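Peer 1: Below is the file input-v6.txt, with compact mmCIF, C-alpha atoms.
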# COMPACT_ATOMS: atom_id res chain seq x y z
CA MET A 1 -7.11 8.87 55.47
CA ALA A 2 -4.28 6.61 54.23
CA SER A 3 -6.78 3.80 53.67
CA LEU A 4 -9.09 6.11 51.68
CA SER A 5 -6.17 7.36 49.52
CA LEU A 6 -5.11 3.78 48.83
CA SER A 7 -8.66 2.85 47.81
CA LEU A 8 -8.91 5.82 45.45
CA LEU A 9 -5.53 4.95 43.94
CA THR A 10 -6.64 1.33 43.41
CA ILE A 11 -9.84 2.45 41.69
CA SER A 12 -7.90 4.85 39.46
CA LEU A 13 -5.42 2.15 38.44
CA LEU A 14 -8.23 -0.32 37.71
CA SER A 15 -10.02 2.29 35.58
CA LEU A 16 -6.83 3.04 33.68
CA ALA A 17 -6.19 -0.67 33.09
CA THR A 18 -9.75 -1.16 31.84
CA PHE A 19 -9.39 1.77 29.43
CA SER A 20 -6.00 0.62 28.13
CA ASN A 21 -7.32 -2.93 27.55
CA ALA A 22 -10.42 -1.73 25.73
CA ALA A 23 -10.45 -3.07 22.20
CA TYR A 24 -11.94 -1.60 19.06
CA SER A 25 -14.73 -3.46 17.29
CA PRO A 26 -13.61 -6.46 15.20
CA MET A 27 -13.32 -5.70 11.49
CA THR A 28 -12.60 -7.76 8.40
CA LEU A 29 -10.60 -6.55 5.42
CA THR A 30 -11.51 -8.19 2.11
CA VAL A 31 -9.76 -7.80 -1.24
CA VAL A 32 -11.84 -8.83 -4.26
CA ASN A 33 -10.31 -9.33 -7.70
CA ASN A 34 -12.92 -8.69 -10.36
CA CYS A 35 -10.30 -8.23 -13.07
CA PRO A 36 -10.20 -10.81 -15.88
CA PHE A 37 -6.64 -11.67 -14.85
CA THR A 38 -4.64 -12.46 -11.72
CA VAL A 39 -3.47 -9.55 -9.58
CA TRP A 40 -1.07 -9.53 -6.65
CA PRO A 41 -2.43 -7.22 -3.92
CA ALA A 42 0.18 -5.44 -1.84
CA LEU A 43 -0.15 -3.78 1.57
CA GLN A 44 2.13 -1.16 3.10
CA ALA A 45 1.54 -0.08 6.68
CA ASN A 46 2.40 3.41 7.83
CA SER A 47 5.39 3.74 10.12
CA GLY A 48 4.95 1.94 13.43
CA HIS A 49 1.99 -0.17 12.31
CA ASP A 50 1.89 -3.93 11.72
CA VAL A 51 2.54 -5.45 8.30
CA LEU A 52 -0.60 -7.34 7.28
CA GLU A 53 -0.62 -10.61 5.32
CA GLY A 54 3.13 -10.41 4.88
CA GLY A 55 2.63 -7.35 2.70
CA GLY A 56 1.38 -9.16 -0.41
CA PHE A 57 -0.20 -12.23 -1.97
CA GLU A 58 -1.59 -13.67 -5.22
CA LEU A 59 -5.28 -13.30 -6.03
CA ARG A 60 -6.73 -15.04 -9.07
CA SER A 61 -9.51 -13.60 -11.23
CA LEU A 62 -12.98 -13.49 -9.65
CA THR A 63 -11.75 -14.58 -6.22
CA HIS A 64 -11.36 -12.79 -2.90
CA ARG A 65 -9.29 -12.97 0.27
CA SER A 66 -10.47 -11.90 3.71
CA PHE A 67 -8.41 -11.37 6.84
CA ALA A 68 -8.87 -9.82 10.26
CA ALA A 69 -7.95 -6.17 10.65
CA PRO A 70 -5.95 -5.19 13.74
CA GLU A 71 -8.14 -4.37 16.74
CA LYS A 72 -6.12 -1.21 17.30
CA PRO A 73 -5.46 1.90 15.20
CA TRP A 74 -3.89 1.01 11.83
CA SER A 75 -3.26 2.98 8.67
CA GLY A 76 -1.64 2.22 5.36
CA ARG A 77 -2.18 1.68 1.66
CA ILE A 78 -3.26 -1.23 -0.51
CA TRP A 79 -2.75 -1.62 -4.25
CA ALA A 80 -2.83 -4.27 -6.97
CA ARG A 81 0.28 -5.37 -8.83
CA THR A 82 -0.29 -6.48 -12.42
CA GLY A 83 1.59 -8.34 -15.13
CA CYS A 84 3.69 -10.24 -12.61
CA GLN A 85 6.11 -13.07 -13.30
CA PRO A 86 7.88 -15.25 -10.70
CA GLY A 87 11.59 -14.69 -10.23
CA ALA A 88 14.47 -17.04 -9.53
CA THR A 89 13.31 -17.78 -5.96
CA PRO A 90 9.84 -18.53 -4.50
CA SER A 91 9.89 -15.18 -2.69
CA SER A 92 10.60 -13.09 -5.79
CA LEU A 93 8.06 -11.54 -8.15
CA HIS A 94 8.54 -8.99 -10.92
CA CYS A 95 5.54 -6.90 -12.00
CA ASN A 96 4.76 -4.45 -14.79
CA THR A 97 2.95 -2.13 -12.36
CA GLY A 98 3.07 -1.72 -8.59
CA ASP A 99 6.26 -3.77 -8.18
CA CYS A 100 7.83 -3.72 -4.69
CA ALA A 101 11.54 -4.38 -5.24
CA GLY A 102 10.85 -7.68 -6.99
CA ARG A 103 9.24 -9.34 -3.96
CA LEU A 104 6.11 -11.45 -3.61
CA GLN A 105 5.55 -10.17 -0.06
CA CYS A 106 6.38 -6.49 0.10
CA ALA A 107 7.02 -6.64 3.88
CA GLY A 108 6.61 -2.89 4.38
CA LEU A 109 8.00 -1.68 1.04
CA GLY A 110 6.07 0.65 -1.24
CA GLY A 111 5.19 -0.04 -4.86
CA SER A 112 6.51 1.48 -8.06
CA ALA A 113 4.30 3.84 -10.04
CA PRO A 114 1.90 3.73 -11.70
CA ALA A 115 -0.50 2.13 -9.26
CA SER A 116 -4.02 2.96 -8.07
CA LEU A 117 -3.92 3.16 -4.26
CA ALA A 118 -6.50 2.59 -1.55
CA GLN A 119 -5.58 4.57 1.55
CA VAL A 120 -7.22 3.47 4.79
CA SER A 121 -7.10 4.51 8.43
CA LEU A 122 -8.80 2.11 10.84
CA HIS A 123 -9.94 2.65 14.43
CA HIS A 124 -9.18 6.31 14.94
CA GLY A 125 -10.94 8.40 17.55
CA SER A 126 -12.01 6.89 20.85
CA VAL A 127 -13.05 3.26 21.23
CA ASP A 128 -16.67 4.43 21.41
CA GLN A 129 -16.34 6.45 18.20
CA ASP A 130 -14.16 3.94 16.29
CA PHE A 131 -13.98 5.81 12.97
CA THR A 132 -12.63 4.37 9.72
CA SER A 133 -11.40 6.67 6.94
CA TYR A 134 -10.66 5.55 3.40
CA GLY A 135 -10.15 6.83 -0.10
CA VAL A 136 -8.59 6.09 -3.48
CA SER A 137 -5.54 7.94 -4.74
CA LEU A 138 -4.33 8.31 -8.32
CA VAL A 139 -1.47 10.59 -7.23
CA ASP A 140 0.88 7.75 -8.23
CA GLY A 141 -1.01 7.06 -11.45
CA PHE A 142 -3.46 4.33 -12.46
CA ASN A 143 -3.22 0.63 -13.22
CA VAL A 144 -6.63 -0.88 -12.33
CA GLY A 145 -10.03 0.38 -11.26
CA LEU A 146 -10.38 0.46 -7.50
CA THR A 147 -13.21 1.04 -5.02
CA VAL A 148 -13.50 0.84 -1.24
CA THR A 149 -16.83 -0.33 0.17
CA PRO A 150 -17.66 -0.32 3.91
CA HIS A 151 -20.30 -2.73 5.21
CA GLU A 152 -22.57 -2.28 8.24
CA GLY A 153 -21.02 1.00 9.35
CA HIS A 154 -22.78 3.92 11.02
CA GLY A 155 -22.91 7.50 9.78
CA GLN A 156 -21.68 8.57 6.35
CA CYS A 157 -20.19 5.47 4.72
CA PRO A 158 -20.16 6.00 0.92
CA VAL A 159 -18.48 3.77 -1.64
CA LEU A 160 -15.40 5.65 -2.86
CA GLY A 161 -13.13 4.97 -5.79
CA CYS A 162 -12.40 5.05 -9.49
CA ARG A 163 -14.56 2.79 -11.63
CA VAL A 164 -13.14 3.68 -15.06
CA ASP A 165 -10.44 1.88 -17.06
CA LEU A 166 -8.06 4.76 -17.70
CA THR A 167 -5.58 2.61 -19.60
CA ALA A 168 -7.98 2.86 -22.54
CA THR A 169 -7.90 6.68 -22.69
CA CYS A 170 -4.51 7.49 -21.15
CA PRO A 171 -2.65 10.28 -23.05
CA ASP A 172 0.36 9.03 -25.00
CA VAL A 173 2.86 10.90 -22.81
CA LEU A 174 1.54 9.15 -19.67
CA GLN A 175 1.21 5.61 -21.03
CA VAL A 176 3.13 2.66 -19.62
CA ARG A 177 3.30 -0.31 -21.94
CA ALA A 178 4.07 -3.96 -21.30
CA PRO A 179 7.72 -4.88 -21.95
CA ALA A 180 6.70 -7.03 -24.92
CA GLY A 181 3.91 -5.80 -27.18
CA SER A 182 1.87 -2.64 -27.40
CA GLN A 183 -0.62 -3.16 -24.54
CA VAL A 184 -1.04 -0.16 -22.24
CA VAL A 185 -0.80 -1.50 -18.68
CA GLY A 186 -0.73 1.74 -16.72
CA CYS A 187 -1.12 5.49 -16.82
CA LYS A 188 1.56 7.60 -15.11
CA SER A 189 0.93 10.78 -13.19
CA GLY A 190 2.40 14.02 -14.50
CA CYS A 191 4.94 13.86 -11.67
CA ALA A 192 6.11 10.35 -12.64
CA ALA A 193 6.24 11.29 -16.32
CA PHE A 194 8.16 14.58 -16.04
CA GLY A 195 9.47 14.82 -12.47
CA THR A 196 9.26 18.61 -12.13
CA ASP A 197 8.91 20.29 -8.74
CA GLU A 198 5.66 21.88 -9.81
CA LEU A 199 4.03 18.63 -10.94
CA CYS A 200 5.42 16.71 -7.95
CA CYS A 201 4.53 19.46 -5.45
CA LYS A 202 8.09 19.58 -4.12
CA ASN A 203 10.24 22.34 -2.64
CA LYS A 204 8.49 25.72 -3.04
CA TYR A 205 5.39 23.96 -4.43
CA ASN A 206 4.96 21.76 -1.35
CA SER A 207 2.02 23.51 0.29
CA PRO A 208 -1.74 23.72 -0.27
CA HIS A 209 -1.25 27.28 -1.59
CA THR A 210 1.40 26.49 -4.21
CA CYS A 211 0.58 22.86 -5.12
CA ARG A 212 -2.01 23.06 -7.87
CA SER A 213 -3.77 20.73 -10.25
CA SER A 214 -2.34 20.35 -13.76
CA LYS A 215 -3.70 19.25 -17.10
CA TYR A 216 -2.39 15.78 -16.23
CA SER A 217 -4.10 15.54 -12.84
CA GLU A 218 -7.25 16.97 -14.41
CA PHE A 219 -7.32 13.99 -16.80
CA PHE A 220 -7.63 11.70 -13.77
CA LYS A 221 -10.00 14.03 -11.90
CA HIS A 222 -12.42 14.31 -14.83
CA ALA A 223 -12.73 10.51 -15.00
CA CYS A 224 -12.63 9.85 -11.25
CA PRO A 225 -13.79 12.92 -9.29
CA GLN A 226 -13.80 11.03 -5.96
CA ALA A 227 -10.08 10.21 -6.17
CA PHE A 228 -7.07 12.18 -4.96
CA THR A 229 -5.19 13.21 -8.10
CA TYR A 230 -2.31 15.39 -6.84
CA ALA A 231 -0.49 15.79 -3.53
CA HIS A 232 -2.71 18.47 -1.94
CA ASP A 233 -5.95 17.51 -3.63
CA SER A 234 -9.12 17.61 -1.51
CA PRO A 235 -11.99 15.57 -2.98
CA SER A 236 -15.36 17.07 -2.06
CA LEU A 237 -17.12 13.84 -1.04
CA THR A 238 -16.63 13.46 2.71
CA HIS A 239 -17.37 10.53 4.98
CA ASN A 240 -17.58 9.84 8.68
CA CYS A 241 -17.95 6.07 8.96
CA ALA A 242 -18.05 4.50 12.41
CA LYS A 243 -17.58 0.83 13.32
CA PRO A 244 -17.93 -0.86 9.92
CA LYS A 245 -17.77 -4.63 10.26
CA GLU A 246 -16.01 -5.06 6.94
CA LEU A 247 -14.04 -2.96 4.48
CA LYS A 248 -14.01 -4.36 0.95
CA LEU A 249 -11.49 -3.35 -1.66
CA PHE A 250 -12.54 -4.15 -5.23
CA THR A 251 -10.12 -4.19 -8.15
CA PHE A 252 -11.55 -4.40 -11.64
CA LEU A 253 -11.42 -3.46 -15.28
CA ARG A 254 -14.82 -2.81 -16.73
CA ARG A 255 -14.42 -4.47 -20.11
CA THR A 256 -12.50 -7.22 -21.83
CA ARG A 257 -13.07 -8.36 -25.41
CA SER A 258 -13.93 -12.04 -25.81
CA ASN A 259 -15.19 -13.65 -29.04
CA GLY A 260 -16.57 -10.38 -30.35
CA ARG A 261 -18.41 -9.68 -27.12
CA VAL A 262 -17.51 -7.91 -23.94
CA THR A 263 -17.53 -9.22 -20.39
CA VAL A 264 -18.51 -6.51 -17.93
CA LEU A 265 -16.91 -7.18 -14.56
CA THR A 266 -18.74 -5.54 -11.71
CA ASP A 267 -17.59 -4.24 -8.33
CA GLU A 268 -19.63 -3.68 -5.17
CA ALA A 269 -23.00 -3.87 -6.94
CA GLU A 270 -22.77 -7.65 -7.28
CA ALA A 271 -21.23 -10.48 -5.34
CA PRO A 272 -17.71 -11.62 -6.28
CA GLY A 273 -17.79 -14.17 -9.07
CA LYS A 274 -20.84 -12.79 -10.86
CA LYS A 275 -20.59 -11.26 -14.31
CA ARG A 276 -22.86 -10.33 -17.16
CA LYS A 277 -22.30 -10.11 -20.90
CA VAL A 278 -23.52 -7.43 -23.27
CA ALA A 279 -22.86 -6.66 -26.92
CA TRP A 280 -19.46 -5.11 -27.67
CA ARG A 281 -19.59 -1.48 -28.66
CA ASP A 282 -16.53 0.49 -29.74
Translate the structure described by the file into structure tokens.
Peer 2:
Amino acid sequence: MASLSLSLLTISLLSLATFSNAAYSPMTLTVVNNCPFTVWPALQANSGHDVLEGGGFELRSLTHRSFAAPEKPWSGRIWARTGCQPGATPSSLHCNTGDCAGRLQCAGLGGSAPASLAQVSLHHGSVDQDFTSYGVSLVDGFNVGLTVTPHEGHGQCPVLGCRVDLTATCPDVLQVRAPAGSQVVGCKSGCAAFGTDELCCKNKYNSPHTCRSSKYSEFFKHACPQAFTYAHDSPSLTHNCAKPKELKLFTFLRRTRSNGRVTVLTDEAEAPGKKRKVAWRD
């Protein structure tokens, strides 16, 4: 009997060890910059999760950077910083939008508003299920167009994001302008612009029943219906994507004037580095 009990215990421990050592499917994260200017992507992991790529890096126009995702559950947010200038030290960087305390590598810090955010949750559910969730949030405002594209996943794996340049139509009260000049570089949320409990969904407004859309969040929702636009927003497009081999994050602005013409920079529809030109129309 003792021998049988020992054998069963050994089998149980081996099974437990096998389960604990089971790894999720390998996945690649790719950030593509289809903007006509350099951006500085930033990554902030949720509490307890690893900081990826030091939390930030430089990405020149029409280039991309790929890196391995953790082979364990990971969640966090990714955004693009714009209008950045180096500081007094190699590790410092000061940006017009999305700045993380003046650092090149955010190392776990969040970014200043306004910034379009990609929110991702990798490898949740069992190892066999291996779900990836993702979405784009404009709760903290807008600075560049942003989409998330899964590749070779199973189930419902739509492309989600905001493909419109909202700096061109941003209401005056929400505009963020470059320190020098009149260029609009970002569009604040109503919360960032006015800071009221109601617009920020704080205190008595911090519940799905009391946190409501506003005319400011509706501006973002009308242009980008797939995006989260206020704290308790619930976009209608759902997804249930299992085991994608790659998750691509595209940043872009659709149009830039050049010699009386316009360059249209594409996102997931074309490979990075491709562009097409059409006549400028105001």
Peer 1: Set the distance at 7 Å and use all atoms listed in the file: which residues neighbour A:Asp165 once local chain neighbours fewer than 3 positions away are removed? I'd like the list as number ranges by chain.
Peer 2: A: 144-145, 168, 253-254
Peer 1: Please provide the set of residues having any atom within 8 Å of stretch 45-49 of chain A, restricted to all atoms listed in the file, with same-chain residues fewer than 4 positions apart removed, written as a count of residues only.
Peer 2: 5
Peer 1: Using all atoms listed in the file, find each residue in stretch 58-171 of chain A having at least one atom no more than 10 Å away from stretch 223-229 of chain A; report its shortest atom-to-atom pair and that distance in Å (one decimal), rows by chain then rising number, as JSON lines.
Peer 2:
{"residue": "A:Ser116", "atom": "CA", "partner": "A:Ala227", "partner_atom": "CA", "distance": 9.6}
{"residue": "A:Leu117", "atom": "CA", "partner": "A:Ala227", "partner_atom": "CA", "distance": 9.6}
{"residue": "A:Ala118", "atom": "CA", "partner": "A:Ala227", "partner_atom": "CA", "distance": 9.6}
{"residue": "A:Gly135", "atom": "CA", "partner": "A:Ala227", "partner_atom": "CA", "distance": 6.9}
{"residue": "A:Val136", "atom": "CA", "partner": "A:Ala227", "partner_atom": "CA", "distance": 5.1}
{"residue": "A:Ser137", "atom": "CA", "partner": "A:Phe228", "partner_atom": "CA", "distance": 4.5}
{"residue": "A:Leu138", "atom": "CA", "partner": "A:Thr229", "partner_atom": "CA", "distance": 5.0}
{"residue": "A:Val139", "atom": "CA", "partner": "A:Thr229", "partner_atom": "CA", "distance": 4.6}
{"residue": "A:Asp140", "atom": "CA", "partner": "A:Thr229", "partner_atom": "CA", "distance": 8.2}
{"residue": "A:Gly141", "atom": "CA", "partner": "A:Thr229", "partner_atom": "CA", "distance": 8.2}
{"residue": "A:Gly145", "atom": "CA", "partner": "A:Cys224", "partner_atom": "CA", "distance": 9.8}
{"residue": "A:Leu146", "atom": "CA", "partner": "A:Ala227", "partner_atom": "CA", "distance": 9.8}
{"residue": "A:Thr147", "atom": "CA", "partner": "A:Ala227", "partner_atom": "CA", "distance": 9.8}
{"residue": "A:Val159", "atom": "CA", "partner": "A:Gln226", "partner_atom": "CA", "distance": 9.7}
{"residue": "A:Leu160", "atom": "CA", "partner": "A:Gln226", "partner_atom": "CA", "distance": 6.4}
{"residue": "A:Gly161", "atom": "CA", "partner": "A:Ala227", "partner_atom": "CA", "distance": 6.1}
{"residue": "A:Cys162", "atom": "CA", "partner": "A:Cys224", "partner_atom": "CA", "distance": 5.1}
{"residue": "A:Arg163", "atom": "CA", "partner": "A:Cys224", "partner_atom": "CA", "distance": 7.3}
{"residue": "A:Val164", "atom": "CA", "partner": "A:Ala223", "partner_atom": "CA", "distance": 6.8}
{"residue": "A:Asp165", "atom": "CA", "partner": "A:Ala223", "partner_atom": "CA", "distance": 9.2}
{"residue": "A:Leu166", "atom": "CA", "partner": "A:Ala223", "partner_atom": "CA", "distance": 7.9}
{"residue": "A:Thr169", "atom": "CA", "partner": "A:Ala223", "partner_atom": "CA", "distance": 9.9}
Peer 1: One decimal, in Å: what's the spacing between atom CA of A:His124 and atom CA of A:Ala242?
Peer 2: 9.4 Å
Peer 1: Go through A:Asn143, A:Ser133, A:Thr251, A:Gln175 one by one, measure the shortest atom-to-atom distance of each to A:Ala193 using all atoms listed in the file, and give the residue with the smallest value.
Peer 2: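 Smallest distance to A:Ala193 is found for A:Gln175.
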Peer 1: Looking at all atoms listed in the file, which of A:Ser217, A:Thr149, A:Cys211, A:Glu58 is the one that sits closest to A:Leu174?
Peer 2: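 Closest to A:Leu174, using all atoms listed in the file: A:Ser217.
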Peer 1: Work out how far apart atom CA of A:Leu59 and atom CA of A:His151 are and give it in Å to one decimal.
Peer 2: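 It comes out at 21.5 Å.
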